[in-house]
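Peer 1: Sharing input-v1.csv below, CSV, C-alpha atoms:
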```
chain,number,residue,atom,x,y,z
W,1312,MET,CA,-22.6,-17.2,-10.1
W,1313,SER,CA,-19.7,-17.5,-12.4
W,1314,GLU,CA,-17.5,-20.7,-12.7
W,1315,ILE,CA,-14.6,-18.8,-11.0
W,1316,HIS,CA,-16.8,-17.8,-8.1
W,1317,THR,CA,-18.0,-21.4,-7.6
W,1318,SER,CA,-14.4,-22.6,-7.8
W,1319,VAL,CA,-13.2,-20.1,-5.2
W,1320,GLN,CA,-16.1,-21.1,-2.8
W,1321,GLU,CA,-15.2,-24.8,-3.2
W,1322,TYR,CA,-11.5,-24.1,-2.7
W,1323,TYR,CA,-11.9,-22.0,0.5
W,1324,GLY,CA,-15.0,-23.7,1.8
W,1325,LYS,CA,-14.1,-27.4,1.3
W,1326,GLU,CA,-10.6,-28.1,0.0
W,1327,LEU,CA,-8.8,-25.8,2.5
W,1328,GLU,CA,-9.5,-26.6,6.1
W,1329,LYS,CA,-6.6,-24.7,7.7
W,1330,SER,CA,-3.7,-22.5,6.6
W,1331,GLU,CA,-1.3,-25.5,6.3
W,1332,ASP,CA,-3.4,-26.9,3.4
W,1333,LEU,CA,-2.2,-24.1,1.1
W,1334,LYS,CA,-0.1,-25.4,-1.8
W,1335,THR,CA,2.1,-22.2,-2.1
W,1336,ASN,CA,3.2,-19.4,0.1
W,1337,ALA,CA,1.2,-16.8,-1.9
W,1338,CYS,CA,-1.5,-16.6,0.8
W,1339,CYS,CA,1.0,-16.3,3.7
W,1340,THR,CA,1.9,-13.2,5.6
W,1341,LEU,CA,5.7,-12.8,5.1
W,1342,THR,CA,6.3,-9.9,7.5
W,1343,ALA,CA,6.1,-10.2,11.3
W,1344,PRO,CA,3.2,-8.0,12.6
W,1345,PRO,CA,4.0,-5.0,14.7
W,1346,LYS,CA,3.6,-5.1,18.5
W,1347,HIS,CA,0.0,-3.7,18.7
W,1348,ILE,CA,-1.2,-6.2,16.0
W,1349,MET,CA,0.5,-9.1,17.8
W,1350,GLU,CA,-1.2,-8.1,21.1
W,1351,ALA,CA,-4.6,-8.0,19.5
W,1352,LEU,CA,-3.9,-11.3,17.6
W,1353,ARG,CA,-3.4,-13.1,21.0
W,1354,ASP,CA,-7.0,-12.5,21.8
W,1355,VAL,CA,-8.3,-14.0,18.5
W,1356,HIS,CA,-9.8,-17.5,18.8
W,1357,ASP,CA,-7.5,-20.4,17.6
W,1358,GLU,CA,-10.0,-21.7,15.1
W,1359,VAL,CA,-10.3,-18.3,13.4
W,1360,GLN,CA,-6.5,-18.0,13.2
W,1361,ALA,CA,-6.2,-21.6,11.8
W,1362,LYS,CA,-8.3,-20.6,8.7
W,1363,TYR,CA,-6.3,-17.5,7.9
W,1364,TYR,CA,-5.2,-17.1,4.2
W,1365,GLY,CA,-3.9,-13.6,4.0
W,1366,CYS,CA,-0.7,-12.3,2.4
W,1367,GLY,CA,0.1,-9.1,4.3
W,1368,LEU,CA,-0.7,-6.7,7.1
W,1369,THR,CA,-3.9,-4.8,6.3
W,1370,ILE,CA,-4.6,-2.7,9.4
W,1371,PRO,CA,-2.8,0.7,9.5
W,1372,SER,CA,-2.1,2.7,12.6
W,1373,LYS,CA,-4.5,5.2,14.2
W,1374,VAL,CA,-7.8,3.3,13.8
W,1375,LYS,CA,-9.5,3.9,17.2
W,1376,GLY,CA,-13.1,4.8,16.7
W,1377,LEU,CA,-13.2,4.1,13.0
W,1378,LYS,CA,-15.8,2.3,10.9
W,1379,ILE,CA,-14.0,-0.4,8.9
W,1380,LEU,CA,-15.1,-2.7,6.1
W,1381,ASP,CA,-13.2,-5.9,5.4
W,1382,LEU,CA,-13.6,-7.3,1.8
W,1383,GLY,CA,-13.3,-11.0,1.8
W,1384,SER,CA,-13.2,-11.3,5.5
W,1385,GLY,CA,-13.0,-15.1,5.6
W,1386,SER,CA,-13.0,-16.6,9.1
W,1387,GLY,CA,-12.8,-13.1,10.6
W,1388,ARG,CA,-9.2,-12.9,11.8
W,1389,ASP,CA,-8.5,-9.4,10.5
W,1390,CYS,CA,-12.0,-8.3,11.5
W,1391,TYR,CA,-11.4,-9.4,15.1
W,1392,ILE,CA,-8.0,-7.8,15.3
W,1393,ALA,CA,-9.6,-4.5,14.0
W,1394,ALA,CA,-12.5,-4.9,16.4
W,1395,LYS,CA,-10.1,-4.7,19.3
W,1396,LEU,CA,-8.1,-1.8,17.9
W,1397,VAL,CA,-11.0,0.4,17.0
W,1398,GLY,CA,-12.4,0.0,20.5
W,1399,GLU,CA,-16.0,-0.4,21.6
W,1400,GLN,CA,-17.1,2.8,19.9
W,1401,GLY,CA,-15.7,1.7,16.5
W,1402,GLU,CA,-17.4,-0.7,14.1
W,1403,VAL,CA,-16.2,-3.5,11.8
W,1404,VAL,CA,-18.1,-5.1,9.0
W,1405,GLY,CA,-16.9,-8.2,7.2
W,1406,VAL,CA,-18.1,-9.4,3.8
W,1407,ASP,CA,-17.5,-12.9,2.4
W,1408,MET,CA,-19.2,-15.3,0.0
W,1409,THR,CA,-18.1,-18.6,1.5
W,1410,ASP,CA,-20.6,-20.2,3.9
W,1411,GLU,CA,-18.0,-22.3,5.7
W,1412,GLN,CA,-15.8,-19.3,6.4
W,1413,LEU,CA,-18.7,-17.2,7.6
W,1414,ALA,CA,-19.9,-19.9,9.9
W,1415,VAL,CA,-16.5,-19.9,11.7
W,1416,ALA,CA,-16.5,-16.1,11.9
W,1417,ASN,CA,-20.1,-15.9,13.3
W,1418,GLU,CA,-19.6,-18.7,15.7
W,1419,HIS,CA,-17.0,-16.7,17.7
W,1420,LEU,CA,-18.8,-13.3,17.9
W,1421,GLU,CA,-19.6,-13.8,21.6
W,1422,TYR,CA,-16.2,-15.2,22.4
W,1423,HIS,CA,-14.5,-12.0,21.2
W,1424,ARG,CA,-17.1,-9.7,22.7
W,1425,GLU,CA,-16.3,-11.2,26.1
W,1426,LYS,CA,-12.5,-11.3,25.4
W,1427,PHE,CA,-12.5,-7.6,24.6
W,1428,GLY,CA,-14.8,-6.7,27.5
W,1429,TYR,CA,-17.4,-5.0,25.3
W,1430,ALA,CA,-21.1,-4.6,26.3
W,1431,THR,CA,-22.1,-5.4,22.8
W,1432,SER,CA,-20.2,-6.8,19.8
W,1433,ASN,CA,-18.8,-4.2,17.4
W,1434,VAL,CA,-18.5,-6.8,14.6
W,1435,ARG,CA,-20.9,-8.1,12.0
W,1436,PHE,CA,-20.5,-10.3,9.0
W,1437,LEU,CA,-22.5,-10.2,5.7
W,1438,LYS,CA,-22.7,-12.8,3.0
W,1439,GLY,CA,-21.9,-11.2,-0.3
W,1440,ASN,CA,-19.7,-11.0,-3.3
W,1441,ILE,CA,-17.1,-8.3,-3.2
W,1442,GLU,CA,-17.8,-7.7,-6.9
W,1443,ALA,CA,-21.4,-6.7,-5.9
W,1444,LEU,CA,-20.9,-4.4,-2.9
W,1445,ASP,CA,-23.5,-2.1,-4.3
W,1446,GLU,CA,-26.1,-4.8,-3.8
W,1447,LEU,CA,-25.5,-5.1,-0.1
W,1448,ASP,CA,-27.0,-3.0,2.7
W,1449,LEU,CA,-24.0,-0.7,2.9
W,1450,GLU,CA,-24.4,3.1,3.0
W,1451,PRO,CA,-22.2,5.0,0.4
W,1452,GLY,CA,-19.7,7.3,2.0
W,1453,SER,CA,-20.0,5.7,5.4
W,1454,PHE,CA,-16.7,3.9,6.0
W,1455,ASP,CA,-13.5,5.5,7.3
W,1456,LEU,CA,-11.3,2.6,6.2
W,1457,ILE,CA,-11.6,-0.4,3.9
W,1458,ILE,CA,-9.2,-3.3,4.3
W,1459,SER,CA,-8.7,-6.6,2.3
W,1460,ASN,CA,-6.2,-9.4,2.7
W,1461,CYS,CA,-5.2,-11.3,-0.5
W,1462,VAL,CA,-8.8,-11.5,-1.8
W,1463,ILE,CA,-9.2,-9.0,-4.7
W,1464,ASN,CA,-7.0,-11.1,-6.9
W,1465,LEU,CA,-9.7,-13.8,-6.6
W,1466,ALA,CA,-12.3,-11.5,-8.1
W,1467,GLU,CA,-13.0,-11.4,-11.9
W,1468,ASN,CA,-14.1,-7.8,-12.1
W,1469,LYS,CA,-11.4,-6.1,-10.0
W,1470,GLU,CA,-12.3,-2.6,-11.3
W,1471,LYS,CA,-15.9,-3.1,-10.0
W,1472,VAL,CA,-14.4,-4.0,-6.5
W,1473,LEU,CA,-12.3,-0.8,-6.4
W,1474,ARG,CA,-15.0,1.4,-7.8
W,1475,ASP,CA,-17.6,0.2,-5.2
W,1476,ALA,CA,-15.0,0.6,-2.5
W,1477,PHE,CA,-14.3,4.2,-3.6
W,1478,HIS,CA,-18.1,5.0,-3.3
W,1479,LEU,CA,-18.3,3.4,0.2
W,1480,LEU,CA,-15.5,5.5,1.6
W,1481,LYS,CA,-16.0,8.8,3.4
W,1482,PRO,CA,-14.1,11.8,1.9
W,1483,GLY,CA,-10.6,11.5,3.4
W,1484,GLY,CA,-11.1,7.8,3.9
W,1485,GLU,CA,-8.6,5.2,2.8
W,1486,MET,CA,-8.4,1.7,1.4
W,1487,TYR,CA,-5.5,-0.2,2.9
W,1488,PHE,CA,-5.0,-3.7,1.6
W,1489,SER,CA,-2.6,-6.4,0.7
W,1490,ASP,CA,-2.8,-8.4,-2.5
W,1491,VAL,CA,-0.7,-10.3,-5.1
W,1492,TYR,CA,0.6,-8.6,-8.3
W,1493,ALA,CA,2.6,-9.9,-11.2
W,1494,ASP,CA,5.3,-8.4,-13.4
W,1495,ARG,CA,3.2,-9.2,-16.5
W,1496,ARG,CA,-0.3,-10.2,-17.5
W,1497,PHE,CA,-1.1,-13.9,-16.9
W,1498,PRO,CA,-2.0,-15.9,-20.1
W,1499,VAL,CA,-5.6,-17.2,-20.2
W,1500,GLU,CA,-4.6,-20.8,-19.8
W,1501,LEU,CA,-3.1,-20.1,-16.4
W,1502,GLN,CA,-6.0,-18.0,-15.4
W,1503,LYS,CA,-8.2,-21.0,-15.9
W,1504,ASP,CA,-6.1,-23.2,-13.6
W,1505,PRO,CA,-8.2,-23.6,-10.5
W,1506,VAL,CA,-5.3,-24.3,-8.2
W,1507,LEU,CA,-3.2,-21.3,-9.4
W,1508,TRP,CA,-6.3,-19.1,-9.1
W,1509,GLY,CA,-7.3,-20.4,-5.8
W,1510,GLU,CA,-3.8,-20.0,-4.4
W,1511,CYS,CA,-4.1,-16.2,-5.2
W,1512,ILE,CA,-1.6,-16.4,-8.1
W,1513,SER,CA,-3.0,-16.5,-11.6
W,1514,GLY,CA,-5.8,-14.0,-10.7
W,1515,ALA,CA,-3.2,-11.4,-9.8
W,1516,LEU,CA,-3.2,-8.2,-11.7
W,1517,TYR,CA,-0.2,-7.0,-13.7
W,1518,TRP,CA,1.0,-4.2,-11.4
W,1519,ASN,CA,0.7,-1.5,-14.1
W,1520,ASP,CA,-2.9,-2.5,-14.9
W,1521,PHE,CA,-3.7,-2.2,-11.2
W,1522,LEU,CA,-2.3,1.3,-11.0
W,1523,ASN,CA,-4.3,2.4,-14.1
W,1524,ILE,CA,-7.5,0.8,-12.7
W,1525,ALA,CA,-7.1,2.4,-9.3
W,1526,LYS,CA,-6.6,5.9,-10.9
W,1527,LYS,CA,-9.5,5.4,-13.2
W,1528,VAL,CA,-12.0,4.8,-10.4
W,1529,GLY,CA,-10.8,7.8,-8.4
W,1530,PHE,CA,-7.8,6.7,-6.3
W,1531,THR,CA,-5.5,9.1,-8.1
W,1532,ASP,CA,-2.2,8.5,-6.4
W,1533,PRO,CA,-1.8,4.9,-5.2
W,1534,ARG,CA,1.0,4.5,-2.5
W,1535,ALA,CA,2.8,1.2,-1.9
W,1536,VAL,CA,3.6,0.6,1.7
W,1537,GLU,CA,5.6,-2.6,1.5
W,1538,ASN,CA,6.3,-5.4,-1.0
W,1539,LYS,CA,7.7,-8.9,-0.8
W,1540,VAL,CA,8.6,-11.4,-3.6
W,1541,ILE,CA,6.4,-14.5,-3.6
W,1542,THR,CA,8.6,-17.6,-4.1
W,1543,VAL,CA,5.7,-20.1,-4.5
W,1544,GLU,CA,7.7,-23.0,-3.2
W,1545,ASN,CA,5.8,-25.6,-5.2
W,1546,PRO,CA,7.9,-27.2,-8.0
W,1547,GLU,CA,4.9,-28.2,-10.1
W,1548,LEU,CA,3.3,-24.8,-10.0
W,1549,GLU,CA,6.6,-23.0,-10.4
W,1550,GLU,CA,7.1,-24.9,-13.7
W,1551,LYS,CA,3.7,-23.7,-14.9
W,1552,LEU,CA,4.5,-20.1,-14.0
W,1553,GLY,CA,7.8,-20.1,-15.9
W,1554,ASP,CA,9.4,-16.6,-15.9
W,1555,ILE,CA,6.3,-14.8,-14.3
W,1556,ASN,CA,7.2,-13.2,-11.0
W,1557,CYS,CA,4.7,-12.4,-8.3
W,1558,PHE,CA,4.8,-10.0,-5.4
W,1559,SER,CA,2.8,-9.5,-2.2
W,1560,VAL,CA,2.2,-5.7,-2.0
W,1561,THR,CA,0.4,-3.6,0.5
W,1562,TYR,CA,-1.2,-0.4,-0.9
W,1563,ARG,CA,-3.0,2.5,0.6
W,1564,LEU,CA,-5.5,4.4,-1.6
W,1565,PHE,CA,-7.0,7.7,-0.4
W,1566,LYS,CA,-10.3,9.2,-1.4
W,1567,ILE,CA,-9.2,12.8,-1.5
W,1568,ASP,CA,-10.5,15.6,-3.9
W,1569,GLY,CA,-7.7,17.4,-5.7
W,1570,LEU,CA,-5.0,14.8,-5.8
W,1571,GLU,CA,-2.9,15.2,-9.0
W,1572,SER,CA,-1.6,12.6,-11.4
W,1573,ASP,CA,2.0,13.5,-10.5
W,1574,CYS,CA,3.8,14.8,-7.4
W,1575,GLU,CA,3.7,18.6,-7.9
W,1576,ASP,CA,5.8,21.1,-5.8
W,1577,TYR,CA,4.1,24.0,-4.0
W,1578,GLY,CA,6.8,24.7,-1.6
W,1579,GLN,CA,5.0,23.0,1.3
W,1580,ALA,CA,6.4,21.2,4.3
W,1581,VAL,CA,5.1,19.2,7.3
W,1582,LYS,CA,6.3,18.3,10.8
W,1583,TYR,CA,5.2,15.1,12.5
W,1584,LYS,CA,4.2,15.6,16.2
W,1585,GLY,CA,4.9,12.1,17.3
W,1586,THR,CA,1.4,11.7,18.5
W,1587,ILE,CA,0.3,8.4,16.8
W,1588,THR,CA,0.5,5.7,19.5
W,1589,GLU,CA,1.8,3.0,17.3
W,1590,GLU,CA,4.4,5.1,15.5
W,1591,LYS,CA,5.6,7.7,18.1
W,1592,ALA,CA,9.2,7.9,16.9
W,1593,SER,CA,8.4,8.3,13.2
W,1594,PHE,CA,5.4,7.8,10.9
W,1595,ASP,CA,5.5,5.8,7.7
W,1596,LEU,CA,3.0,7.1,5.1
W,1597,ASP,CA,4.4,4.7,2.4
W,1598,ASP,CA,7.6,2.9,1.4
W,1599,HIS,CA,9.4,6.2,0.6
W,1600,HIS,CA,7.9,8.7,3.0
W,1601,ASN,CA,9.1,8.4,6.6
W,1602,PHE,CA,8.5,11.3,8.9
W,1603,PRO,CA,10.7,11.4,12.1
W,1604,ALA,CA,9.0,13.2,15.0
W,1605,GLY,CA,9.9,16.9,15.2
W,1606,LYS,CA,11.6,17.2,11.8
W,1607,VAL,CA,10.3,19.6,9.2
W,1608,MET,CA,10.2,17.9,5.8
W,1609,ALA,CA,9.4,19.3,2.4
W,1610,VAL,CA,6.5,17.4,0.7
W,1611,CYS,CA,4.7,17.4,-2.6
W,1612,GLY,CA,1.1,18.6,-2.9
W,1613,ASN,CA,-0.3,15.1,-2.9
W,1614,THR,CA,1.5,14.0,0.3
W,1615,TYR,CA,0.5,17.3,2.0
W,1616,LYS,CA,-3.2,16.4,1.2
W,1617,MET,CA,-2.8,12.8,2.4
W,1618,LEU,CA,-1.8,14.1,5.7
W,1619,HIS,CA,-3.9,17.2,5.9
W,1620,ASP,CA,-7.2,15.9,4.5
W,1621,THR,CA,-7.4,12.7,6.4
W,1622,ARG,CA,-7.5,11.4,10.0
W,1623,PHE,CA,-3.8,12.2,10.3
W,1624,LYS,CA,-4.3,16.0,10.3
W,1625,GLU,CA,-4.1,16.5,14.0
W,1626,ASP,CA,-0.8,14.7,14.1
W,1627,PHE,CA,1.1,17.1,11.9
W,1628,GLU,CA,2.0,20.8,11.6
W,1629,PHE,CA,1.6,22.2,8.1
W,1630,TYR,CA,3.6,24.9,6.4
W,1631,GLY,CA,2.9,26.7,3.1
W,1632,ASP,CA,-0.1,27.0,0.8
W,1633,TRP,CA,-1.1,26.5,-2.8
W,1634,SER,CA,-0.3,30.0,-4.1
W,1635,THR,CA,2.9,29.2,-6.0
W,1636,HIS,CA,3.6,26.2,-8.2
W,1637,TYR,CA,7.3,25.2,-8.7
W,1638,GLY,CA,6.8,22.3,-11.1
W,1639,ILE,CA,7.4,18.6,-10.5
W,1640,PHE,CA,8.6,17.8,-7.0
W,1641,GLU,CA,12.2,16.9,-7.2
W,1642,GLY,CA,13.0,13.2,-7.1
W,1643,CYS,CA,9.3,12.3,-7.0
W,1644,GLY,CA,7.3,12.2,-10.3
W,1645,GLY,CA,7.9,12.4,-14.0
W,1646,ALA,CA,10.8,14.3,-15.5
W,1647,MET,CA,10.2,17.3,-17.7
W,1648,PRO,CA,10.1,15.9,-21.3
W,1649,PHE,CA,12.3,18.6,-22.7
W,1650,SER,CA,15.5,20.4,-21.8
W,1651,ILE,CA,16.6,24.0,-21.5
W,1652,GLY,CA,19.4,24.6,-24.1
W,1653,GLU,CA,22.3,27.0,-23.9
W,1654,PRO,CA,21.7,30.6,-25.2
W,1655,GLY,CA,22.0,30.7,-29.0
W,1656,THR,CA,21.2,27.0,-29.5
W,1657,GLU,CA,17.5,27.5,-30.3
W,1658,ALA,CA,16.3,25.5,-33.3
W,1659,SER,CA,15.4,27.5,-36.3
W,1660,CYS,CA,11.8,27.9,-37.4
W,1661,CYS,CA,10.5,25.8,-40.2
```
Can I see the file as C-alpha cells?
Peer 2:
Amino acid sequence: MSEIHTSVQEYYGKELEKSEDLKTNACCTLTAPPKHIMEALRDVHDEVQAKYYGCGLTIPSKVKGLKILDLGSGSGRDCYIAAKLVGEQGEVVGVDMTDEQLAVANEHLEYHREKFGYATSNVRFLKGNIEALDELDLEPGSFDLIISNCVINLAENKEKVLRDAFHLLKPGGEMYFSDVYADRRFPVELQKDPVLWGECISGALYWNDFLNIAKKVGFTDPRAVENKVITVENPELEEKLGDINCFSVTYRLFKIDGLESDCEDYGQAVKYKGTITEEKASFDLDDHHNFPAGKVMAVCGNTYKMLHDTRFKEDFEFYGDWSTHYGIFEGCGGAMPFSIGEPGTEASCC
C-alpha cells in the first residue's frame, strides 16, 4: 500500500469522526438534494449520515431496478439512498478501503432492510481499493450505473479507476459522479500535503487532464451536469493554494459505442414524453441539454445516442437517422478551422 493510501485511511478512519471535523468545504455537498433524494435520506441512519464526506449529488433519475456500484462508499450514505431508490429488485455494491467506515456501513445493513421493508438486504459492502477494482469479485459488464462522491481525487492512479469502471459497466451504462477539479495542475509540494490531499483538494485533477483521461479509457463525450466553486474557507490552506481555483463538478460518462469526439449534426431530433417520475416536466441530460416534455428538439448525434442507447430510450420519441451528415452541430462542438472566401479570392498555387 502506498504512502498516500495509508494517509487517506488514517485521515478518514481515525482523524475524521464526523462531517464537522472537515477543515474545508471541499467535501461538502453545496446543492440541496431534490425531493426524491431527500425522502430517501430521511430513512438513512443518523450515524451513517454523520460520517458523510461527499461533495455533490451522485444518484441520477430513473434508477429503479438497476445494479449500482459505489466507488469509495465510506459509511454507506449514498449506497443506502440508492438502495431505497432502486427498489427490492435492484442491487447496490459499495467499495471502500477504510475499515472504520466499512464497520459503520455494515453495522446498519439490517436497520435499512427493515426501514425499507425488504425481505432481504439489496446492499453489500466490499473492502477494496478503487484503483484495483479488477482484483475484486466484480463481473465485467455487469453494472448499469457506477457512482462516486468526492473520492476519485483521493486516488493516485485516476486513469486506472476510470478504465476499470468502464469495463465494469454494461453497454449503455453510465458513470455518474461528483468530484473536485482544479483550473491548473497542482505542484508536487501541495500534492504531498496530507491535509490538502485528505480534504479532497490537492489530489484534484486539472479539468482538462480529466477530460483527456476519460476519453482515453472509452468515455468519449464527458458531460458536466453541474458545477460549484469551492471556497475552502480555511485561511491557512487558502494561503497555500494561492491562485489555484477548485470546483465541485458532477459528470456523467456513458459507455456507448459510436460516440464521436465532437458533436456532429445528422438532422436528428427527439421529444421527451414526460415519463421519468423524478423529472416529469422536463429532463436534464447535462448542464446545457434540458428537454421540456412534449417539445421536439434538434440534437447532435452523440446526444441522440445518449438517449436512444441507454435506459432513457423508452422516455423519448426519436426522429431522423444517420444517412446524411451536415457537419458540426451548430453551437455545440469545434468550429470549422477554415473559412469560405468570396468568389475570385482563392489563393494562387505555389
Peer 1: Could you name the residues that touch Gly1578 in chain W at 9 Å or less, counting all atoms listed in the file, but leaving out those on the same chain fewer than 4 positions away, as a PDB file with C-alpha atoms, in the coordinates of the input?
Peer 2:
```
ATOM      1  CA  ALA W1609       9.400  19.300   2.400  1.00  0.00           C
ATOM      2  CA  VAL W1610       6.500  17.400   0.700  1.00  0.00           C
ATOM      3  CA  CYS W1611       4.700  17.400  -2.600  1.00  0.00           C
ATOM      4  CA  GLY W1612       1.100  18.600  -2.900  1.00  0.00           C
ATOM      5  CA  TYR W1630       3.600  24.900   6.400  1.00  0.00           C
ATOM      6  CA  GLY W1631       2.900  26.700   3.100  1.00  0.00           C
ATOM      7  CA  ASP W1632      -0.100  27.000   0.800  1.00  0.00           C
ATOM      8  CA  TRP W1633      -1.100  26.500  -2.800  1.00  0.00           C
ATOM      9  CA  THR W1635       2.900  29.200  -6.000  1.00  0.00           C
ATOM     10  CA  HIS W1636       3.600  26.200  -8.200  1.00  0.00           C
ATOM     11  CA  TYR W1637       7.300  25.200  -8.700  1.00  0.00           C
ATOM     12  CA  PHE W1640       8.600  17.800  -7.000  1.00  0.00           C
TER      13      PHE W1640
END
```
Peer 1: Residues within 10 Å of Asn1519 in chain W, please, as a list of chain:residue names. Count all atoms listed in the file; anything in the same chain fewer than 4 positions from it doesn't count.
Peer 2: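 Contacts, with the query itself left out: W:Tyr1492, W:Ala1493, W:Asp1494, W:Arg1495, W:Arg1496, W:Asn1523, W:Ile1524, W:Ala1525.
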Peer 1: Would you mind telling me which residue in W:Ala1430, W:Leu1552, W:Leu1564, W:Cys1557 lies nearest to Asp1504 in chain W when using all atoms listed in the file?
Peer 2: W:Leu1552
Peer 1: Figure out the distance between CA of Val1355 in chain W and CA of Lys1395 in chain W, please, to one decimal in Å.
Peer 2: 9.5 Å
Peer 1: Would you mind listing what lies within 9 Å of Thr1586 in chain W as an mmCIF file with C-alpha atoms, in the frame of the given file, with only C-alpha atoms counted and same-chain residues fewer than 3 positions away left out?
Peer 2:
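The resulting file, selection.cif, is shown below:
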```cif
data_model
loop_
_atom_site.group_PDB
_atom_site.id
_atom_site.type_symbol
_atom_site.label_atom_id
_atom_site.label_comp_id
_atom_site.auth_asym_id
_atom_site.auth_seq_id
_atom_site.Cartn_x
_atom_site.Cartn_y
_atom_site.Cartn_z
ATOM 1 C CA TYR W 1583 5.200 15.100 12.500
ATOM 2 C CA GLU W 1589 1.800 3.000 17.300
ATOM 3 C CA GLU W 1590 4.400 5.100 15.500
ATOM 4 C CA LYS W 1591 5.600 7.700 18.100
ATOM 5 C CA ALA W 1592 9.200 7.900 16.900
ATOM 6 C CA ALA W 1604 9.000 13.200 15.000
ATOM 7 C CA GLU W 1625 -4.100 16.500 14.000
ATOM 8 C CA ASP W 1626 -0.800 14.700 14.100
ATOM 9 C CA PHE W 1627 1.100 17.100 11.900
#
```
Peer 1: Ranking W:Lys1527, W:Leu1377, W:Gly1514, W:Leu1473 by minimum distance to Val1499 in chain W and counting only C-alpha atoms, which one comes first?
Peer 2: W:Gly1514
Peer 1: I want to know what sits within 8 Å of Gly1484 in chain W, based on all atoms listed in the file, with residues of the same chain fewer than 4 positions away left out; could you give that as a VMD selection string?
Peer 2: chain W and resid 1454 to 1456 1480 1565 to 1567 1621 to 1622
Peer 1: May I ask which of the residues W:Leu1413, W:Leu1507, W:Ala1394, W:Leu1449 is the closest one to Val1374 in chain W, counting only C-alpha atoms?
Peer 2: W:Ala1394
Peer 1: Between CA of Met1349 in chain W and CA of Ser1453 in chain W, what is the distance in Å, rounded to a tenth?
Peer 2: 28.2 Å
Peer 1: What is the distance between CA of Asp1381 in chain W and CA of Ile1458 in chain W, in Å to one decimal?
Peer 2: 4.9 Å
Peer 1: Looking at all atoms listed in the file, which of W:Gly1383, W:Glu1537, W:Thr1614, W:Glu1549 is the one that sits closest to Glu1571 in chain W?
Peer 2: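 Among the listed residues, W:Thr1614 lies closest to Glu1571 in chain W.
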Peer 1: Counting all atoms listed in the file, which residue out of W:Ile1348, W:Leu1516, W:Ile1639, W:Ala1416 sits closest to Lys1469 in chain W?
Peer 2: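 Checking each of W:Ile1348, W:Leu1516, W:Ile1639, W:Ala1416 against Lys1469 in chain W, counting all atoms listed in the file, the winner is W:Leu1516.
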Peer 1: Here is a test: counting all atoms listed in the file, which residue of W:Ser1372, W:Gln1360, W:Thr1531, W:Thr1409 is nearest to His1347 in chain W?
Peer 2: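 Ranking W:Ser1372, W:Gln1360, W:Thr1531, W:Thr1409 by distance to His1347 in chain W, first place goes to W:Ser1372.
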Peer 1: Identify, on the basis of all atoms listed in the file, every residue whose closest approach to Asp1448 in chain W does not exceed 12 Å; exclude the query and any residue fewer than 6 positions from it along the same chain; express the result as number ranges by chain.
Peer 2: W: 1404, 1406, 1436-1439, 1479
Peer 1: Name the residues within 12 Å of (7.2, 11.9, 7.1), counting all atoms listed in the file in the file's coordinates, and put them as JSON, numbers by chain.
Peer 2: {"W": [1580, 1581, 1582, 1583, 1584, 1585, 1590, 1591, 1592, 1593, 1594, 1595, 1596, 1597, 1598, 1599, 1600, 1601, 1602, 1603, 1604, 1605, 1606, 1607, 1608, 1609, 1610, 1611, 1614, 1615, 1617, 1618, 1623, 1626, 1627, 1628, 1629]}
